[in-house]
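Okay, structure first, notes after.
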Amino acid sequence: MNTKTMEGLVGARTNMNLVNTPMRVFKEARRKGDTATMERAMGYADEFFSKAEDYKAEADKGMEEDAREAREKEKLQREEAIQKRREEREKLEERIEENRNADTNTDTVELSEEGKVLLKDNVDSGSTGSDEIKTDAGKEPVIYTKTGETVPSEQGASISVSV
């Protein structure tokens with residue numbers, strides 16, 4: 001809160017509270033019929049009331065300044081957020097470009113002799129689907145270890161894979 005706003009609000013409230021005293025004196029003097037005291041009390045009340053209006057005007061100016069500062073601050077925060085998003089987008093685009101350039105280093109697959117034979121038999125038979133690979137029904141299924149060695153499979157054995 002701006003200093004002017006605080007000073008204006010406090011001053012206006014104080015002077016409005018001070019108006020109560022001369023008004024009470026005015027009412028008492030009116031009841032007694034003392035016009036001189038009534039005039040003097042109204043002078044004081046008018047003075048306090050005009051001071052309260054001056055403080056109100058000062059509070060209004062302070063509130064306008066607060067609003068202007070808040071708008072400027074919000075505008076600055078928006079601009080900072082936009083700049084931050086631009087930087088993040090540029091970094092993301094750079095990473096995407098790096099990934100595109102890194103795609104030239106692709107992985108290769110080597111087929112074993114058995115795989116080459118199966119592929120050749122599959123191609124020679126005129127099969128069109130990749131899921132129609134022929135296997136020898138006479139061969140036992142094998143399990144591969146972590147080192148890549150084959151181990152004959154056991155019937156009913158469970159396999160656990162962890163990556």
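The chains in the structure tokens are called A, B, ... from first to last as shown; in each chain the residues are counted from 1, and the ligands are counted from 1 in the order shown.
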_Using only C-alpha atoms, which protein or nucleic acid residues come within 10 Å of Glu69 in chain A? Drop anything in the same chain fewer than 6 positions from it, and give the result as a PyMOL selection string._
chain A and resi 2+63+75
*Taking the DSSP assignment computed from this structure's backbone, write out as a ChimeraX atom specification all residues of range 2-150 of chain A that belong to strand (DSSP E or B).*
/A:142-144,150
*asked:* So that I can check the surroundings of Lys4 in chain A, please list as a PyMOL selection string every protein, DNA and RNA residue that reaches within 6 Å of it, counting only C-alpha atoms and ignoring chain neighbours fewer than 4 positions away.
replied: chain A and resi 8+59+62
Please dump the current selection as a short mmCIF file (atom, residue, chain, number, x, y, z; two decimals), in the first residue's frame; keep C-alpha atoms.
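This went into result_22.cif:
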```cif
data_model
loop_
_atom_site.label_atom_id
_atom_site.label_comp_id
_atom_site.auth_asym_id
_atom_site.auth_seq_id
_atom_site.Cartn_x
_atom_site.Cartn_y
_atom_site.Cartn_z
CA GLY A 8 -5.05 9.69 3.44
CA ALA A 59 -6.04 8.67 -0.44
CA GLY A 62 -2.49 7.19 -3.62
#
```
_Ranking A:Val123, A:Val117, A:Ala57, A:Met38 by minimum distance to Ala12 in chain A and counting only C-alpha atoms, which one comes first?_
A:Ala57
*What are the DSSP alpha helix (DSSP H) residues of chain A, as a ChimeraX atom specification?*
/A:3-32,35-102,113-124
Write out the residues from the selection above, keeping C-alpha atoms, as an mmCIF file, in the first residue's frame.
```
data_model
loop_
_atom_site.group_PDB
_atom_site.id
_atom_site.type_symbol
_atom_site.label_atom_id
_atom_site.label_comp_id
_atom_site.auth_asym_id
_atom_site.auth_seq_id
_atom_site.Cartn_x
_atom_site.Cartn_y
_atom_site.Cartn_z
ATOM 1 C CA THR A 3 2.231 5.904 1.784
ATOM 2 C CA LYS A 4 -0.179 8.482 0.396
ATOM 3 C CA THR A 5 -3.012 5.987 0.544
ATOM 4 C CA MET A 6 -2.294 5.059 4.149
ATOM 5 C CA GLU A 7 -1.862 8.661 5.238
ATOM 6 C CA GLY A 8 -5.047 9.692 3.437
ATOM 7 C CA LEU A 9 -7.161 6.926 4.953
ATOM 8 C CA VAL A 10 -5.875 7.479 8.481
ATOM 9 C CA GLY A 11 -6.236 11.259 8.234
ATOM 10 C CA ALA A 12 -9.767 11.060 6.835
ATOM 11 C CA ARG A 13 -10.897 8.649 9.524
ATOM 12 C CA THR A 14 -9.315 10.693 12.327
ATOM 13 C CA ASN A 15 -10.907 13.938 11.146
ATOM 14 C CA MET A 16 -14.326 12.282 10.728
ATOM 15 C CA ASN A 17 -14.037 11.021 14.317
ATOM 16 C CA LEU A 18 -13.039 14.539 15.433
ATOM 17 C CA VAL A 19 -16.193 15.958 13.806
ATOM 18 C CA ASN A 20 -18.263 14.093 16.400
ATOM 19 C CA THR A 21 -17.060 16.287 19.302
ATOM 20 C CA PRO A 22 -18.070 19.710 17.865
ATOM 21 C CA MET A 23 -21.351 18.191 16.666
ATOM 22 C CA ARG A 24 -22.113 16.991 20.192
ATOM 23 C CA VAL A 25 -21.298 20.499 21.522
ATOM 24 C CA PHE A 26 -23.541 21.987 18.791
ATOM 25 C CA LYS A 27 -26.496 19.796 19.785
ATOM 26 C CA GLU A 28 -26.050 20.656 23.453
ATOM 27 C CA ALA A 29 -25.810 24.389 22.664
ATOM 28 C CA ARG A 30 -28.921 24.184 20.453
ATOM 29 C CA ARG A 31 -30.810 22.537 23.296
ATOM 30 C CA LYS A 32 -29.770 25.419 25.590
ATOM 31 C CA THR A 35 -26.224 30.502 19.255
ATOM 32 C CA ALA A 36 -22.632 31.742 19.716
ATOM 33 C CA THR A 37 -21.516 28.307 20.915
ATOM 34 C CA MET A 38 -23.476 26.695 18.084
ATOM 35 C CA GLU A 39 -21.697 28.839 15.475
ATOM 36 C CA ARG A 40 -18.279 28.155 17.002
ATOM 37 C CA ALA A 41 -18.991 24.378 17.135
ATOM 38 C CA MET A 42 -20.166 24.373 13.495
ATOM 39 C CA GLY A 43 -16.950 26.196 12.498
ATOM 40 C CA TYR A 44 -14.864 23.485 14.118
ATOM 41 C CA ALA A 45 -17.009 20.730 12.584
ATOM 42 C CA ASP A 46 -16.711 22.332 9.137
ATOM 43 C CA GLU A 47 -12.923 22.627 9.552
ATOM 44 C CA PHE A 48 -12.555 18.947 10.503
ATOM 45 C CA PHE A 49 -14.880 17.893 7.687
ATOM 46 C CA SER A 50 -12.906 19.849 5.055
ATOM 47 C CA LYS A 51 -9.652 18.298 6.352
ATOM 48 C CA ALA A 52 -11.263 14.863 6.067
ATOM 49 C CA GLU A 53 -12.188 15.628 2.431
ATOM 50 C CA ASP A 54 -8.593 16.737 1.717
ATOM 51 C CA TYR A 55 -7.260 13.484 3.173
ATOM 52 C CA LYS A 56 -9.820 11.544 1.125
ATOM 53 C CA ALA A 57 -8.548 13.199 -2.052
ATOM 54 C CA GLU A 58 -4.980 12.286 -1.040
ATOM 55 C CA ALA A 59 -6.042 8.670 -0.435
ATOM 56 C CA ASP A 60 -7.684 8.588 -3.889
ATOM 57 C CA LYS A 61 -4.459 9.807 -5.519
ATOM 58 C CA GLY A 62 -2.487 7.193 -3.619
ATOM 59 C CA MET A 63 -4.882 4.452 -4.720
ATOM 60 C CA GLU A 64 -4.516 5.567 -8.358
ATOM 61 C CA GLU A 65 -0.727 5.352 -7.989
ATOM 62 C CA ASP A 66 -1.072 1.894 -6.438
ATOM 63 C CA ALA A 67 -3.222 0.747 -9.349
ATOM 64 C CA ARG A 68 -0.765 2.178 -11.889
ATOM 65 C CA GLU A 69 2.178 0.467 -10.159
ATOM 66 C CA ALA A 70 0.257 -2.812 -10.017
ATOM 67 C CA ARG A 71 -0.507 -2.614 -13.758
ATOM 68 C CA GLU A 72 3.159 -1.889 -14.547
ATOM 69 C CA LYS A 73 4.295 -4.750 -12.342
ATOM 70 C CA GLU A 74 1.799 -7.144 -13.971
ATOM 71 C CA LYS A 75 2.938 -6.044 -17.438
ATOM 72 C CA LEU A 76 6.572 -6.633 -16.487
ATOM 73 C CA GLN A 77 5.744 -10.092 -15.108
ATOM 74 C CA ARG A 78 3.868 -10.978 -18.309
ATOM 75 C CA GLU A 79 6.829 -9.870 -20.431
ATOM 76 C CA GLU A 80 9.197 -11.931 -18.275
ATOM 77 C CA ALA A 81 6.947 -14.978 -18.593
ATOM 78 C CA ILE A 82 6.808 -14.556 -22.381
ATOM 79 C CA GLN A 83 10.596 -14.251 -22.545
ATOM 80 C CA LYS A 84 10.996 -17.345 -20.369
ATOM 81 C CA ARG A 85 8.651 -19.340 -22.626
ATOM 82 C CA ARG A 86 10.605 -18.203 -25.702
ATOM 83 C CA GLU A 87 13.873 -19.343 -24.139
ATOM 84 C CA GLU A 88 12.369 -22.705 -23.168
ATOM 85 C CA ARG A 89 10.991 -23.155 -26.684
ATOM 86 C CA GLU A 90 14.406 -22.326 -28.197
ATOM 87 C CA LYS A 91 16.092 -24.850 -25.895
ATOM 88 C CA LEU A 92 13.518 -27.474 -26.847
ATOM 89 C CA GLU A 93 14.051 -26.768 -30.545
ATOM 90 C CA GLU A 94 17.827 -27.107 -30.045
ATOM 91 C CA ARG A 95 17.344 -30.472 -28.310
ATOM 92 C CA ILE A 96 15.050 -31.646 -31.092
ATOM 93 C CA GLU A 97 17.638 -30.610 -33.678
ATOM 94 C CA GLU A 98 20.374 -32.404 -31.733
ATOM 95 C CA ASN A 99 18.224 -35.533 -31.611
ATOM 96 C CA ARG A 100 17.666 -35.314 -35.375
ATOM 97 C CA ASN A 101 21.398 -35.023 -35.918
ATOM 98 C CA ALA A 102 22.053 -37.839 -33.468
ATOM 99 C CA GLU A 113 23.163 -68.228 -39.037
ATOM 100 C CA GLU A 114 19.879 -69.803 -37.947
ATOM 101 C CA GLY A 115 18.106 -66.465 -38.431
ATOM 102 C CA LYS A 116 19.584 -66.059 -41.899
ATOM 103 C CA VAL A 117 18.379 -69.531 -42.851
ATOM 104 C CA LEU A 118 14.893 -68.808 -41.501
ATOM 105 C CA LEU A 119 14.778 -65.501 -43.356
ATOM 106 C CA LYS A 120 15.905 -67.133 -46.581
ATOM 107 C CA ASP A 121 13.317 -69.914 -46.225
ATOM 108 C CA ASN A 122 10.620 -67.325 -45.443
ATOM 109 C CA VAL A 123 11.496 -65.195 -48.470
ATOM 110 C CA ASP A 124 11.805 -68.207 -50.765
#
```
*How many Å lie between CA of Thr147 in chain A and CA of Val161 in chain A, rounded to one decimal?*
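Computing it gives 13.9 Å between the two atoms.
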